[in-house]
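One file, input.cif, is given below (mmCIF, N, CA and C atoms).
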data_upload
#
loop_
_atom_site.label_atom_id
_atom_site.label_comp_id
_atom_site.auth_asym_id
_atom_site.auth_seq_id
_atom_site.Cartn_x
_atom_site.Cartn_y
_atom_site.Cartn_z
N MET A 1 29.30 -2.35 -20.45
CA MET A 1 29.18 -1.96 -21.84
C MET A 1 27.75 -1.51 -22.13
N LYS A 2 27.61 -0.34 -22.64
CA LYS A 2 26.30 0.17 -23.02
C LYS A 2 25.94 -0.41 -24.38
N ARG A 3 24.64 -0.64 -24.54
CA ARG A 3 24.18 -1.14 -25.83
C ARG A 3 23.06 -0.26 -26.34
N THR A 4 22.87 -0.28 -27.63
CA THR A 4 21.82 0.49 -28.27
C THR A 4 20.57 -0.38 -28.39
N SER A 5 19.41 0.19 -28.04
CA SER A 5 18.14 -0.53 -28.17
C SER A 5 17.45 -0.09 -29.44
N VAL A 6 17.12 -1.05 -30.31
CA VAL A 6 16.44 -0.77 -31.56
C VAL A 6 15.12 -1.55 -31.55
N VAL A 7 14.01 -0.83 -31.64
CA VAL A 7 12.68 -1.44 -31.64
C VAL A 7 12.01 -1.09 -32.96
N GLN A 8 11.67 -2.10 -33.76
CA GLN A 8 11.04 -1.86 -35.06
C GLN A 8 9.60 -1.37 -34.90
N ALA A 9 8.84 -1.99 -33.98
CA ALA A 9 7.43 -1.61 -33.82
C ALA A 9 7.04 -1.77 -32.36
N LEU A 10 6.31 -0.77 -31.85
CA LEU A 10 5.80 -0.83 -30.49
C LEU A 10 4.38 -0.31 -30.51
N HIS A 11 3.47 -1.08 -29.98
CA HIS A 11 2.07 -0.66 -29.90
C HIS A 11 1.64 -0.82 -28.45
N ALA A 12 1.35 0.30 -27.80
CA ALA A 12 0.91 0.27 -26.40
C ALA A 12 -0.47 0.91 -26.33
N GLU A 13 -1.43 0.17 -25.83
CA GLU A 13 -2.80 0.68 -25.72
C GLU A 13 -2.95 1.66 -24.56
N THR A 14 -2.59 1.22 -23.36
CA THR A 14 -2.85 2.02 -22.17
C THR A 14 -1.70 1.92 -21.18
N LEU A 15 -1.20 3.06 -20.79
CA LEU A 15 -0.19 3.15 -19.73
C LEU A 15 -0.70 4.21 -18.76
N ILE A 16 -1.00 3.80 -17.53
CA ILE A 16 -1.57 4.76 -16.57
C ILE A 16 -0.96 4.60 -15.19
N ILE A 17 -1.21 5.56 -14.37
CA ILE A 17 -0.90 5.59 -12.95
C ILE A 17 0.56 5.23 -12.67
N SER A 18 1.44 6.12 -13.00
CA SER A 18 2.87 6.02 -12.68
C SER A 18 3.56 4.81 -13.32
N SER A 19 3.11 4.41 -14.49
CA SER A 19 3.76 3.32 -15.21
C SER A 19 4.87 3.90 -16.09
N VAL A 20 5.84 3.05 -16.40
CA VAL A 20 6.99 3.50 -17.18
C VAL A 20 7.15 2.61 -18.40
N LEU A 21 7.31 3.25 -19.56
CA LEU A 21 7.67 2.56 -20.79
C LEU A 21 8.96 3.21 -21.26
N GLN A 22 10.04 2.45 -21.22
CA GLN A 22 11.34 3.02 -21.53
C GLN A 22 12.05 2.18 -22.57
N ILE A 23 12.53 2.85 -23.59
CA ILE A 23 13.37 2.20 -24.60
C ILE A 23 14.73 2.88 -24.50
N GLY A 24 15.74 2.09 -24.22
CA GLY A 24 17.08 2.64 -24.05
C GLY A 24 17.58 2.41 -22.64
N ASP A 25 18.84 2.72 -22.43
CA ASP A 25 19.47 2.48 -21.15
C ASP A 25 19.03 3.53 -20.12
N SER A 26 19.11 3.13 -18.87
CA SER A 26 18.83 4.05 -17.78
C SER A 26 19.69 3.65 -16.59
N GLU A 27 19.95 4.60 -15.76
CA GLU A 27 20.68 4.32 -14.52
C GLU A 27 19.72 3.79 -13.47
N ARG A 28 18.54 4.42 -13.38
CA ARG A 28 17.57 4.05 -12.34
C ARG A 28 16.16 4.31 -12.85
N ILE A 29 15.27 3.35 -12.59
CA ILE A 29 13.85 3.54 -12.89
C ILE A 29 13.11 3.38 -11.57
N SER A 30 12.29 4.37 -11.25
CA SER A 30 11.56 4.34 -9.99
C SER A 30 10.11 4.72 -10.28
N ALA A 31 9.19 3.82 -10.01
CA ALA A 31 7.76 4.07 -10.24
C ALA A 31 7.03 3.88 -8.91
N ARG A 32 6.28 4.88 -8.51
CA ARG A 32 5.57 4.84 -7.23
C ARG A 32 4.11 5.26 -7.43
N THR A 33 3.22 4.52 -6.78
CA THR A 33 1.79 4.84 -6.83
C THR A 33 1.20 4.77 -5.44
N ARG A 34 0.40 5.76 -5.11
CA ARG A 34 -0.42 5.73 -3.89
C ARG A 34 -1.82 6.12 -4.32
N ALA A 35 -2.77 5.21 -4.09
CA ALA A 35 -4.14 5.47 -4.55
C ALA A 35 -5.14 5.08 -3.48
N LEU A 36 -6.17 5.88 -3.37
CA LEU A 36 -7.29 5.60 -2.47
C LEU A 36 -8.53 5.44 -3.34
N ALA A 37 -9.10 4.24 -3.35
CA ALA A 37 -10.26 3.95 -4.19
C ALA A 37 -11.46 3.66 -3.30
N VAL A 38 -12.50 4.49 -3.40
CA VAL A 38 -13.70 4.31 -2.58
C VAL A 38 -14.87 4.00 -3.51
N GLN A 39 -15.56 2.91 -3.20
CA GLN A 39 -16.74 2.52 -3.98
C GLN A 39 -17.92 2.47 -3.02
N ARG A 40 -18.98 3.16 -3.38
CA ARG A 40 -20.16 3.19 -2.54
C ARG A 40 -21.37 2.73 -3.34
N GLN A 41 -22.26 2.06 -2.64
CA GLN A 41 -23.48 1.62 -3.29
C GLN A 41 -24.37 2.83 -3.59
N TYR A 42 -24.38 3.81 -2.70
CA TYR A 42 -25.15 5.03 -2.90
C TYR A 42 -24.22 6.23 -2.79
N GLU A 43 -24.48 7.26 -3.58
CA GLU A 43 -23.68 8.48 -3.51
C GLU A 43 -24.05 9.24 -2.25
N LEU A 44 -23.25 9.06 -1.24
CA LEU A 44 -23.50 9.69 0.05
C LEU A 44 -22.16 10.17 0.58
N PHE A 45 -22.02 11.47 0.79
CA PHE A 45 -20.75 12.03 1.21
C PHE A 45 -20.91 12.73 2.54
N PHE A 46 -19.89 12.68 3.35
CA PHE A 46 -19.91 13.24 4.70
C PHE A 46 -18.89 14.36 4.87
N GLY A 47 -18.83 15.27 3.94
CA GLY A 47 -17.86 16.36 4.03
C GLY A 47 -16.51 15.94 3.47
N PRO A 48 -15.44 16.57 3.94
CA PRO A 48 -14.10 16.23 3.43
C PRO A 48 -13.75 14.77 3.73
N GLU A 49 -13.44 14.05 2.71
CA GLU A 49 -13.08 12.65 2.87
C GLU A 49 -11.77 12.39 2.14
N GLY A 50 -11.14 11.31 2.49
CA GLY A 50 -9.89 10.95 1.85
C GLY A 50 -8.70 11.65 2.45
N GLU A 51 -8.92 12.44 3.47
CA GLU A 51 -7.82 13.16 4.09
C GLU A 51 -7.19 12.36 5.23
N GLN A 52 -7.80 11.26 5.58
CA GLN A 52 -7.24 10.42 6.63
C GLN A 52 -5.95 9.78 6.12
N ILE A 53 -5.08 9.51 7.04
CA ILE A 53 -3.86 8.80 6.66
C ILE A 53 -4.05 7.34 7.05
N PHE A 54 -4.02 6.49 6.06
CA PHE A 54 -4.15 5.06 6.29
C PHE A 54 -2.75 4.48 6.48
N PRO A 55 -2.59 3.53 7.39
CA PRO A 55 -1.26 2.96 7.64
C PRO A 55 -0.60 2.38 6.39
N ILE A 56 -1.40 1.92 5.44
CA ILE A 56 -0.81 1.33 4.23
C ILE A 56 0.07 2.32 3.48
N PHE A 57 -0.21 3.62 3.64
CA PHE A 57 0.55 4.63 2.92
C PHE A 57 1.81 5.07 3.67
N THR A 58 1.89 4.77 4.96
CA THR A 58 3.02 5.25 5.76
C THR A 58 3.91 4.15 6.31
N LYS A 59 3.43 2.92 6.36
CA LYS A 59 4.26 1.84 6.90
C LYS A 59 5.47 1.60 6.00
N PRO A 60 6.64 1.42 6.60
CA PRO A 60 7.80 1.13 5.77
C PRO A 60 7.70 -0.26 5.15
N ILE A 61 8.18 -0.37 3.95
CA ILE A 61 8.20 -1.67 3.27
C ILE A 61 9.45 -2.41 3.73
N PRO A 62 9.31 -3.66 4.13
CA PRO A 62 10.50 -4.41 4.54
C PRO A 62 11.49 -4.52 3.39
N ARG A 63 12.73 -4.28 3.69
CA ARG A 63 13.79 -4.34 2.68
C ARG A 63 14.68 -5.54 2.96
N TRP A 64 15.34 -5.97 1.95
CA TRP A 64 16.31 -7.05 2.07
C TRP A 64 17.42 -6.56 2.98
N THR A 65 17.68 -7.27 4.08
CA THR A 65 18.64 -6.78 5.05
C THR A 65 20.03 -7.41 4.92
N SER A 66 20.10 -8.64 4.51
CA SER A 66 21.42 -9.24 4.39
C SER A 66 21.96 -9.02 2.98
N PRO A 67 23.25 -8.90 2.84
CA PRO A 67 23.81 -8.65 1.52
C PRO A 67 23.62 -9.85 0.61
N PRO A 68 23.46 -9.60 -0.67
CA PRO A 68 23.32 -10.72 -1.60
C PRO A 68 24.63 -11.52 -1.66
N PRO A 69 24.55 -12.78 -2.04
CA PRO A 69 25.77 -13.57 -2.12
C PRO A 69 26.74 -12.95 -3.13
N VAL A 70 28.00 -13.02 -2.78
CA VAL A 70 29.03 -12.48 -3.65
C VAL A 70 29.30 -13.48 -4.76
N ALA A 71 29.15 -13.04 -5.97
CA ALA A 71 29.40 -13.92 -7.12
C ALA A 71 30.10 -13.10 -8.19
N ALA A 72 31.06 -13.71 -8.79
CA ALA A 72 31.76 -13.05 -9.88
C ALA A 72 30.96 -13.28 -11.17
N ARG A 73 30.77 -12.23 -11.92
CA ARG A 73 30.01 -12.36 -13.17
C ARG A 73 30.73 -11.59 -14.25
N GLN A 74 30.87 -12.26 -15.35
CA GLN A 74 31.47 -11.61 -16.50
C GLN A 74 30.52 -11.82 -17.67
N THR A 75 30.15 -10.73 -18.33
CA THR A 75 29.20 -10.80 -19.42
C THR A 75 29.88 -10.34 -20.70
N LEU A 76 29.67 -11.10 -21.74
CA LEU A 76 30.20 -10.73 -23.05
C LEU A 76 29.03 -10.60 -24.01
N HIS A 77 28.77 -9.38 -24.46
CA HIS A 77 27.70 -9.15 -25.42
C HIS A 77 28.30 -9.27 -26.82
N GLU A 78 27.78 -10.21 -27.56
CA GLU A 78 28.32 -10.41 -28.91
C GLU A 78 27.90 -9.29 -29.84
N SER A 79 26.83 -8.62 -29.50
CA SER A 79 26.35 -7.53 -30.34
C SER A 79 26.15 -6.29 -29.47
N PRO A 80 26.50 -5.12 -29.95
CA PRO A 80 26.27 -3.90 -29.17
C PRO A 80 24.83 -3.38 -29.30
N VAL A 81 23.94 -4.19 -29.87
CA VAL A 81 22.57 -3.76 -30.13
C VAL A 81 21.59 -4.73 -29.49
N ILE A 82 20.59 -4.18 -28.79
CA ILE A 82 19.43 -4.96 -28.35
C ILE A 82 18.39 -4.74 -29.42
N SER A 83 18.07 -5.78 -30.17
CA SER A 83 17.17 -5.65 -31.31
C SER A 83 15.85 -6.34 -31.02
N VAL A 84 14.77 -5.58 -31.14
CA VAL A 84 13.43 -6.09 -30.88
C VAL A 84 12.59 -5.82 -32.12
N GLN A 85 11.93 -6.86 -32.62
CA GLN A 85 11.13 -6.66 -33.81
C GLN A 85 9.79 -5.99 -33.50
N SER A 86 9.06 -6.54 -32.52
CA SER A 86 7.73 -6.00 -32.25
C SER A 86 7.34 -6.24 -30.80
N VAL A 87 6.72 -5.23 -30.19
CA VAL A 87 6.20 -5.33 -28.84
C VAL A 87 4.77 -4.82 -28.85
N ARG A 88 3.87 -5.59 -28.24
CA ARG A 88 2.47 -5.15 -28.09
C ARG A 88 2.12 -5.19 -26.62
N VAL A 89 1.72 -4.06 -26.08
CA VAL A 89 1.34 -3.96 -24.68
C VAL A 89 -0.13 -3.58 -24.64
N LEU A 90 -0.94 -4.43 -24.05
CA LEU A 90 -2.36 -4.10 -23.92
C LEU A 90 -2.55 -3.02 -22.86
N ALA A 91 -2.00 -3.24 -21.65
CA ALA A 91 -2.14 -2.23 -20.61
C ALA A 91 -1.14 -2.50 -19.49
N ILE A 92 -0.62 -1.41 -18.93
CA ILE A 92 0.15 -1.50 -17.70
C ILE A 92 -0.35 -0.40 -16.79
N SER A 93 -0.34 -0.69 -15.49
CA SER A 93 -0.91 0.26 -14.54
C SER A 93 -0.23 0.12 -13.18
N SER A 94 -0.36 1.13 -12.40
CA SER A 94 0.06 1.13 -10.99
C SER A 94 1.51 0.74 -10.81
N SER A 95 2.40 1.55 -11.32
CA SER A 95 3.84 1.41 -11.14
C SER A 95 4.45 0.22 -11.86
N ALA A 96 3.87 -0.19 -12.96
CA ALA A 96 4.46 -1.27 -13.76
C ALA A 96 5.53 -0.69 -14.68
N ILE A 97 6.48 -1.55 -15.07
CA ILE A 97 7.58 -1.10 -15.90
C ILE A 97 7.73 -2.02 -17.10
N VAL A 98 7.78 -1.43 -18.30
CA VAL A 98 8.17 -2.13 -19.52
C VAL A 98 9.45 -1.45 -19.98
N HIS A 99 10.54 -2.21 -20.02
CA HIS A 99 11.84 -1.60 -20.31
C HIS A 99 12.60 -2.45 -21.30
N ILE A 100 13.02 -1.83 -22.38
CA ILE A 100 13.87 -2.48 -23.38
C ILE A 100 15.20 -1.76 -23.33
N GLY A 101 16.17 -2.38 -22.70
CA GLY A 101 17.47 -1.75 -22.52
C GLY A 101 18.10 -2.23 -21.24
N SER A 102 19.14 -1.55 -20.82
CA SER A 102 19.86 -1.91 -19.60
C SER A 102 19.56 -0.89 -18.52
N THR A 103 19.52 -1.37 -17.28
CA THR A 103 19.35 -0.46 -16.14
C THR A 103 20.15 -0.99 -14.97
N SER A 104 20.53 -0.09 -14.13
CA SER A 104 21.25 -0.48 -12.93
C SER A 104 20.27 -0.86 -11.83
N THR A 105 19.26 -0.03 -11.62
CA THR A 105 18.29 -0.25 -10.55
C THR A 105 16.88 0.02 -11.06
N ALA A 106 15.98 -0.89 -10.79
CA ALA A 106 14.56 -0.69 -11.10
C ALA A 106 13.76 -0.96 -9.83
N GLU A 107 12.97 0.03 -9.41
CA GLU A 107 12.14 -0.11 -8.23
C GLU A 107 10.71 0.27 -8.59
N ALA A 108 9.77 -0.52 -8.11
CA ALA A 108 8.36 -0.21 -8.33
C ALA A 108 7.60 -0.47 -7.04
N GLU A 109 6.71 0.45 -6.70
CA GLU A 109 5.94 0.32 -5.47
C GLU A 109 4.53 0.82 -5.74
N ALA A 110 3.55 0.00 -5.41
CA ALA A 110 2.14 0.40 -5.54
C ALA A 110 1.45 0.16 -4.21
N ARG A 111 0.91 1.21 -3.65
CA ARG A 111 0.15 1.11 -2.40
C ARG A 111 -1.26 1.60 -2.71
N ILE A 112 -2.21 0.69 -2.62
CA ILE A 112 -3.59 1.01 -2.99
C ILE A 112 -4.51 0.57 -1.87
N LYS A 113 -5.34 1.47 -1.41
CA LYS A 113 -6.33 1.17 -0.38
C LYS A 113 -7.70 1.19 -1.04
N HIS A 114 -8.37 0.03 -1.03
CA HIS A 114 -9.73 -0.08 -1.59
C HIS A 114 -10.73 -0.08 -0.44
N ILE A 115 -11.74 0.75 -0.56
CA ILE A 115 -12.81 0.79 0.44
C ILE A 115 -14.12 0.60 -0.30
N ARG A 116 -14.89 -0.36 0.13
CA ARG A 116 -16.21 -0.58 -0.44
C ARG A 116 -17.24 -0.41 0.66
N GLN A 117 -18.16 0.52 0.46
CA GLN A 117 -19.20 0.79 1.44
C GLN A 117 -20.53 0.41 0.82
N LEU A 118 -21.05 -0.72 1.29
CA LEU A 118 -22.30 -1.23 0.76
C LEU A 118 -23.38 -1.12 1.82
N ALA A 119 -24.59 -0.84 1.39
CA ALA A 119 -25.71 -0.75 2.31
C ALA A 119 -26.01 -2.14 2.86
N GLY A 120 -26.40 -2.17 4.12
CA GLY A 120 -26.76 -3.44 4.73
C GLY A 120 -28.09 -3.93 4.18
N PRO A 121 -28.49 -5.12 4.57
CA PRO A 121 -29.78 -5.64 4.08
C PRO A 121 -30.94 -4.78 4.60
N ALA A 122 -31.97 -4.64 3.80
CA ALA A 122 -33.14 -3.87 4.19
C ALA A 122 -33.84 -4.60 5.34
N PRO A 123 -34.30 -3.84 6.32
CA PRO A 123 -34.99 -4.51 7.43
C PRO A 123 -36.27 -5.16 6.92
N SER A 124 -36.49 -6.37 7.38
CA SER A 124 -37.69 -7.08 6.91
C SER A 124 -38.87 -6.75 7.80
N ALA A 125 -40.05 -6.75 7.22
CA ALA A 125 -41.28 -6.46 7.97
C ALA A 125 -41.60 -7.67 8.84
N PRO A 126 -42.12 -7.43 10.05
CA PRO A 126 -42.47 -8.58 10.90
C PRO A 126 -43.54 -9.42 10.23
N THR A 127 -43.40 -10.70 10.35
CA THR A 127 -44.39 -11.58 9.75
C THR A 127 -45.55 -11.80 10.72
N ARG A 128 -46.73 -11.86 10.19
CA ARG A 128 -47.93 -12.07 11.02
C ARG A 128 -48.47 -13.46 10.75
N GLY A 129 -48.90 -14.04 11.80
CA GLY A 129 -49.53 -15.36 11.65
C GLY A 129 -50.96 -15.20 11.16
N ARG A 130 -51.62 -16.27 10.82
CA ARG A 130 -53.01 -16.21 10.30
C ARG A 130 -54.00 -15.71 11.35
N ASP A 131 -53.70 -15.98 12.59
CA ASP A 131 -54.67 -15.63 13.64
C ASP A 131 -54.52 -14.18 14.11
N SER A 132 -53.60 -13.43 13.60
CA SER A 132 -53.41 -12.07 14.08
C SER A 132 -54.42 -11.13 13.50
#
Kindly transcribe the structure held in the file into C-alpha cells.
Amino acid sequence: MKRTSVVQALHAETLIISSVLQIGDSERISARTRALAVQRQYELFFGPEGEQIFPIFTKPIPRWTSPPPVAARQTLHESPVISVQSVRVLAISSSAIVHIGSTSTAEAEARIKHIRQLAGPAPSAPTRGRDS
C-alpha cells in the first residue's frame, strides 16, 4: 500500500556530496561517493596528481551472501498518510540519506581516501661542547 507523505516544515542547512533528501515514496534510492582528499603542510605539487587508482575505489564491497531468513509479514497501515510536523537537518554528507516515505531498496556507499603529507622534523644543528 502506497502512502502519502505530508511534511509541515523542513529546514535543511547543508546537503552535499551525493546526499539524498527525499519526501515521498521511491522504488530505489542509491547514493554513491568517491572522493580523494589530499592535505599538505606546504603547497607543493609534482605535476598531474590524483590520477592514480587507489584500491579503495576498485575493491568490491562484500555483500550479504546467504539469503535472509524467510518470515511472513503482514502490515496494516491505519492511515494512508505519513504525517511529519517538523524536521531539522543540520548537515548530511557523503552518500547520506534522509527519507520520509516508503522505499523498496536504499543503498549508500562512500569511499574516501584521505592523504596527509606533512613535512618531517627540521634537522637539528649539531651540538658543540664547551671545549670545542
- Test item: residues at most 8 Å from A:Arg34, only C-alpha atoms, excluding those fewer than 6 positions along its chain, as a VMD selection string: chain A and resid 57 110 to 112
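Among the candidates A:Leu118, A:Val20, A:Glu107, A:Ala91, the residue lying nearest to A:Arg63 is A:Glu107 (atoms considered: only C-alpha atoms).
Residues lying within 5 Å of A:Val89, counting all atoms listed in the file and ignoring same-chain neighbours fewer than 4 positions away, are His11, Ala12 and Glu13 of chain A.
Against this structure, the PyMOL selection byres (((chain A and resi 108 and name CA) around 12) and name CA) ends up with Ile17, Ser18, Ser19, Val20, Arg28, Ile29, Ser30, Ala31, Arg32, Thr33, Arg34, Ile61, Ser93, Ser94, Ser95, Ala96, Ile97, Val98, Thr105, Ala106, Glu107, Glu109, Ala110 and Arg111 of chain A.
You will find atom CA of A:Gln22 at 7.8 Å from atom CA of A:Gly101.
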- Note on the structure: What separates atom C of A:Ile53 and atom CA of A:Val38 is a distance of 14.0 Å
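Among A:Ser102, A:Ser83, A:Gln117, A:Gln74, the residue with the shortest atom-to-atom distance to A:Gln41, counting all atoms listed in the file, is A:Gln117.
Closest approach to A:Asp25 among A:Val81, A:Thr65, A:Val87, A:Ser5: A:Ser5, based on only N, CA and C atoms.
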Once all heavy atoms are restored for stretch 74-85 of chain A, what would the output be as an mmCIF file, in the coordinates of the input?
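Dumped to out.cif:
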data_model
loop_
_atom_site.group_PDB
_atom_site.id
_atom_site.type_symbol
_atom_site.label_atom_id
_atom_site.label_comp_id
_atom_site.auth_asym_id
_atom_site.auth_seq_id
_atom_site.Cartn_x
_atom_site.Cartn_y
_atom_site.Cartn_z
ATOM 1 N N GLN A 74 30.870 -12.260 -15.350
ATOM 2 C CA GLN A 74 31.470 -11.610 -16.500
ATOM 3 C C GLN A 74 30.520 -11.820 -17.670
ATOM 4 O O GLN A 74 30.113 -12.946 -17.947
ATOM 5 C CB GLN A 74 32.838 -12.187 -16.812
ATOM 6 C CG GLN A 74 33.543 -11.461 -17.924
ATOM 7 C CD GLN A 74 34.952 -12.005 -18.145
ATOM 8 O OE1 GLN A 74 35.304 -13.059 -17.649
ATOM 9 N NE2 GLN A 74 35.737 -11.278 -18.900
ATOM 10 N N THR A 75 30.150 -10.730 -18.330
ATOM 11 C CA THR A 75 29.200 -10.800 -19.420
ATOM 12 C C THR A 75 29.880 -10.340 -20.700
ATOM 13 O O THR A 75 30.536 -9.294 -20.717
ATOM 14 C CB THR A 75 27.977 -9.909 -19.142
ATOM 15 O OG1 THR A 75 27.425 -10.292 -17.891
ATOM 16 C CG2 THR A 75 26.930 -10.056 -20.211
ATOM 17 N N LEU A 76 29.670 -11.100 -21.740
ATOM 18 C CA LEU A 76 30.200 -10.730 -23.050
ATOM 19 C C LEU A 76 29.030 -10.600 -24.010
ATOM 20 O O LEU A 76 28.330 -11.570 -24.289
ATOM 21 C CB LEU A 76 31.179 -11.791 -23.565
ATOM 22 C CG LEU A 76 31.674 -11.575 -24.999
ATOM 23 C CD1 LEU A 76 32.486 -10.290 -25.089
ATOM 24 C CD2 LEU A 76 32.490 -12.764 -25.456
ATOM 25 N N HIS A 77 28.770 -9.380 -24.460
ATOM 26 C CA HIS A 77 27.700 -9.150 -25.420
ATOM 27 C C HIS A 77 28.300 -9.270 -26.820
ATOM 28 O O HIS A 77 29.202 -8.519 -27.173
ATOM 29 C CB HIS A 77 27.085 -7.761 -25.228
ATOM 30 C CG HIS A 77 26.481 -7.558 -23.874
ATOM 31 N ND1 HIS A 77 25.388 -8.257 -23.448
ATOM 32 C CD2 HIS A 77 26.837 -6.741 -22.853
ATOM 33 C CE1 HIS A 77 25.068 -7.875 -22.221
ATOM 34 N NE2 HIS A 77 25.943 -6.961 -21.834
ATOM 35 N N GLU A 78 27.780 -10.210 -27.560
ATOM 36 C CA GLU A 78 28.320 -10.410 -28.910
ATOM 37 C C GLU A 78 27.900 -9.290 -29.840
ATOM 38 O O GLU A 78 28.536 -9.047 -30.850
ATOM 39 C CB GLU A 78 27.860 -11.759 -29.455
ATOM 40 C CG GLU A 78 28.467 -12.925 -28.700
ATOM 41 C CD GLU A 78 28.044 -14.264 -29.271
ATOM 42 O OE1 GLU A 78 27.435 -14.291 -30.358
ATOM 43 O OE2 GLU A 78 28.325 -15.277 -28.629
ATOM 44 N N SER A 79 26.830 -8.620 -29.500
ATOM 45 C CA SER A 79 26.350 -7.530 -30.340
ATOM 46 C C SER A 79 26.150 -6.290 -29.470
ATOM 47 O O SER A 79 25.623 -6.407 -28.359
ATOM 48 C CB SER A 79 25.028 -7.925 -31.009
ATOM 49 O OG SER A 79 24.468 -6.811 -31.665
ATOM 50 N N PRO A 80 26.500 -5.120 -29.950
ATOM 51 C CA PRO A 80 26.270 -3.900 -29.170
ATOM 52 C C PRO A 80 24.830 -3.380 -29.300
ATOM 53 O O PRO A 80 24.531 -2.277 -28.873
ATOM 54 C CB PRO A 80 27.262 -2.906 -29.784
ATOM 55 C CG PRO A 80 27.402 -3.349 -31.196
ATOM 56 C CD PRO A 80 27.266 -4.845 -31.162
ATOM 57 N N VAL A 81 23.940 -4.190 -29.870
ATOM 58 C CA VAL A 81 22.570 -3.760 -30.130
ATOM 59 C C VAL A 81 21.590 -4.730 -29.490
ATOM 60 O O VAL A 81 21.718 -5.943 -29.633
ATOM 61 C CB VAL A 81 22.297 -3.665 -31.658
ATOM 62 C CG1 VAL A 81 20.844 -3.305 -31.924
ATOM 63 C CG2 VAL A 81 23.228 -2.661 -32.313
ATOM 64 N N ILE A 82 20.590 -4.180 -28.790
ATOM 65 C CA ILE A 82 19.430 -4.960 -28.350
ATOM 66 C C ILE A 82 18.390 -4.740 -29.420
ATOM 67 O O ILE A 82 17.881 -3.632 -29.601
ATOM 68 C CB ILE A 82 18.913 -4.484 -26.989
ATOM 69 C CG1 ILE A 82 19.975 -4.684 -25.909
ATOM 70 C CG2 ILE A 82 17.632 -5.227 -26.616
ATOM 71 C CD1 ILE A 82 19.623 -4.063 -24.574
ATOM 72 N N SER A 83 18.070 -5.780 -30.170
ATOM 73 C CA SER A 83 17.170 -5.650 -31.310
ATOM 74 C C SER A 83 15.850 -6.340 -31.020
ATOM 75 O O SER A 83 15.822 -7.522 -30.684
ATOM 76 C CB SER A 83 17.827 -6.262 -32.548
ATOM 77 O OG SER A 83 16.987 -6.091 -33.662
ATOM 78 N N VAL A 84 14.770 -5.580 -31.140
ATOM 79 C CA VAL A 84 13.430 -6.090 -30.880
ATOM 80 C C VAL A 84 12.590 -5.820 -32.120
ATOM 81 O O VAL A 84 12.530 -4.687 -32.600
ATOM 82 C CB VAL A 84 12.796 -5.405 -29.646
ATOM 83 C CG1 VAL A 84 11.378 -5.896 -29.420
ATOM 84 C CG2 VAL A 84 13.650 -5.634 -28.412
ATOM 85 N N GLN A 85 11.930 -6.860 -32.620
ATOM 86 C CA GLN A 85 11.130 -6.660 -33.810
ATOM 87 C C GLN A 85 9.790 -5.990 -33.500
ATOM 88 O O GLN A 85 9.425 -5.006 -34.109
ATOM 89 C CB GLN A 85 10.889 -7.991 -34.530
ATOM 90 C CG GLN A 85 10.144 -7.817 -35.831
ATOM 91 C CD GLN A 85 10.055 -9.109 -36.626
ATOM 92 O OE1 GLN A 85 10.568 -10.144 -36.209
ATOM 93 N NE2 GLN A 85 9.407 -9.050 -37.754
#
